[in-house]
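**Student:** Below you will find the structure I want to go over with you.
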Amino acid sequence: MPLGLGRRKKAPPLVENEEAEPIRGSLGGVEVGGSGPGGAGLQPGLPPPPASLRPRLVFHTQLAHGSPTGRIEGFTNVKELYSKIAEAFKIPSAEVMFCTLNTHKVDMDKLLGGQIGLEDFIFAHTKGQRKEVEVFKSEEALGLTITDNGAGYAFIKRIKEGSVIDRIQVINVGDMIESINGQSLVGCRHYEVAKMLKDLPKGRTFSLKLTEPRKAFDMISQRATGGKHSGSSQLGTGRGTLRLRAKGPATLEEQLSAFEERAIEKVDDLLESYMGIRDTELAATMVELGKDKRNPDEFAEALDERLGDFAFPDEFVFDVWGAIGDAKVGR
């Protein structure tokens with residue numbers, strides 16, 4: 001059957017220049033992914049293994065604005081990770097906005113995502129000052145890249161230089177988007193928030209309620225735009241990685257191969273170009289689904305089965321198939 005005929009869901013309007021991506025970074029040496037539809041999981045119906053057989057690894061963590069060092073273990077997904085951090089520092093888990101690996105700064109290249117290197121150090125960024133901003137949408141593209149923490153919070157990952165948002169100095173990378181025009185976004189995924197921003201009418205004013213991460217003294221007055229994607233950051237710098245899955249238990253895995261790193265970067269770039277999101281865990285899942293498929297139709301069917309809620313457009317699926325093929329031959 002030709003790709004996309006009589007099988008695929010109708011694709012939603014594309015979010016052309018708004019970017020969104022689930023938070024990524026390393027925690028205590030483990031790569032952690034978003035807990036939404038992008039995460040890979042076990043086959044439906046398979047029970048998790050006994051607790052005695054699950055990885056019991058200890059990671060070190062601090063609050064990014066400053067704290068003693070805590071020790072956490074026994075988590076299998078992002079929400080459990082945040083709960084363990086909250087227990088270690090005796091704070092509500094809802095206070096944890098996102099985590100970075102091996103730096104206390106709001107560094108979007110170090111966001112905790114789907115994998116944590118076994119020797120990584122986790123820094124937890126908690127809620128700070130709240131603010132409400134009125135924004136006039138003078139252009140179709142606001143210049144934002146959105147990500148989420150896999151536990152219900154969407155926030156700003158990048159601000160494009162010279163964009164509408166770049167001209168509003170009180171909006172910063174790392175700010176959590178609580179609501180748009182009074183509509184709460186708590187619990188929304190990155191792609192949902194990106195689409196809402198894209199659908200806002202040009203020439204109108206809208207309101208954003210934001211919460212910025214609590215800052216340490218040496219972070220005050222810094223405003224990273226995150227406008228450039230280095231493409232060279234590698235999550236999980238330790239001896240291996242702990243992969244946290246949306247479904248099923250966490251698993252210990254070897255570090256990614258050169259092919260997998262190239263393919264994931266290419267697919268993540270395509271997610272941004274077509275859908276306005278960046279999500280390395282979703283990209284990794286797509287590479288995993290496509291690397292052994294014989295043709296694009298088999299790949300499309302695998303995507304529909306695992307990630308059908310995204311309703312990827314057919315041309316995007318073709319390009320992803322091509323990107324995976326290019327990565328296999330080193331292009």
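Labels for the structure tokens follow display order: chains A, B, ..., residues from 1 in each chain, ligands from 1.
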Could the residues of segment 83-158 of chain A that have an atom at most 12 Å from segment 261-273 of chain A be listed as a tab-separated table, each with its closest atom pair and the distance in Å to one decimal, counting only C-alpha atoms and ordered by chain and ascending residue number?
**Tutor:**
residue	atom	partner	partner_atom	distance
A:Leu144	CA	A:Glu272	CA	11.2
A:Thr145	CA	A:Glu272	CA	8.7
A:Ile146	CA	A:Glu272	CA	10.1
A:Thr147	CA	A:Glu272	CA	11.1
A:Arg158	CA	A:Glu272	CA	12.0
**Student:** Got a sec to tell me which of segment 99-155 of chain A DSSP assigns to strand (DSSP E), as a list of chain:residue names?
**Tutor:** A:Cys99, A:Thr100, A:Leu101, A:Gln115, A:Ile116, A:Gly117, A:Ile122, A:Phe123, A:Ala124, A:His125, A:Thr126, A:Lys127, A:Gly128, A:Gln129, A:Arg130, A:Lys131, A:Glu132, A:Val133, A:Glu134, A:Val135, A:Phe136, A:Leu144, A:Thr145, A:Ile146, A:Thr147, A:Asp148, A:Ala154, A:Phe155
**Student:** Nearest residue to Ala151 of chain A out of A:Asp319, A:Glu132, A:Asp107, A:Glu95, using only C-alpha atoms?
**Tutor:**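 When distances to Ala151 of chain A are compared using only C-alpha atoms, the smallest one comes from A:Glu95.
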**Student:** Which residues, written as a list in words, have at least one atom at most 12 Å from Asn295 of chain A, with only C-alpha atoms counted and residues fewer than 3 positions away on the same chain left out?
**Tutor:**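 These residues fall inside the cut-off: Met1, Pro2, Leu3, Leu289, Gly290, Lys291, Asp292, Glu298, Phe299, Ala300, Glu301, Ala302, Val317, Phe318, Val320, Trp321, Gly322, Ile324 and Gly325 of chain A.
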**Student:** Which one is closest to Ser67 of chain A: A:Val173, A:Phe206, A:Ala216, A:Thr100? Count only C-alpha atoms.
**Tutor:** A:Ala216
**Student:** Please determine, counting only C-alpha atoms, which residue among A:Ala124, A:Val164, A:Leu118, A:Ile91 has the shortest atom-to-atom distance to His104 of chain A.
**Tutor:**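 Of A:Ala124, A:Val164, A:Leu118, A:Ile91, the one nearest His104 of chain A is A:Ala124, counting only C-alpha atoms.
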**Student:** For each of A:Ala323, A:Ala141, A:Leu252, A:Leu200, take the minimum atom-to-atom distance to Gly276 of chain A, counting only C-alpha atoms, then give the residue where this is smallest.
**Tutor:** A:Ala141
**Student:** Can you work out the spacing between atom CA of Ser83 of chain A and atom CA of Gly114 of chain A in Å, to one decimal?
**Tutor:** 16.6 Å
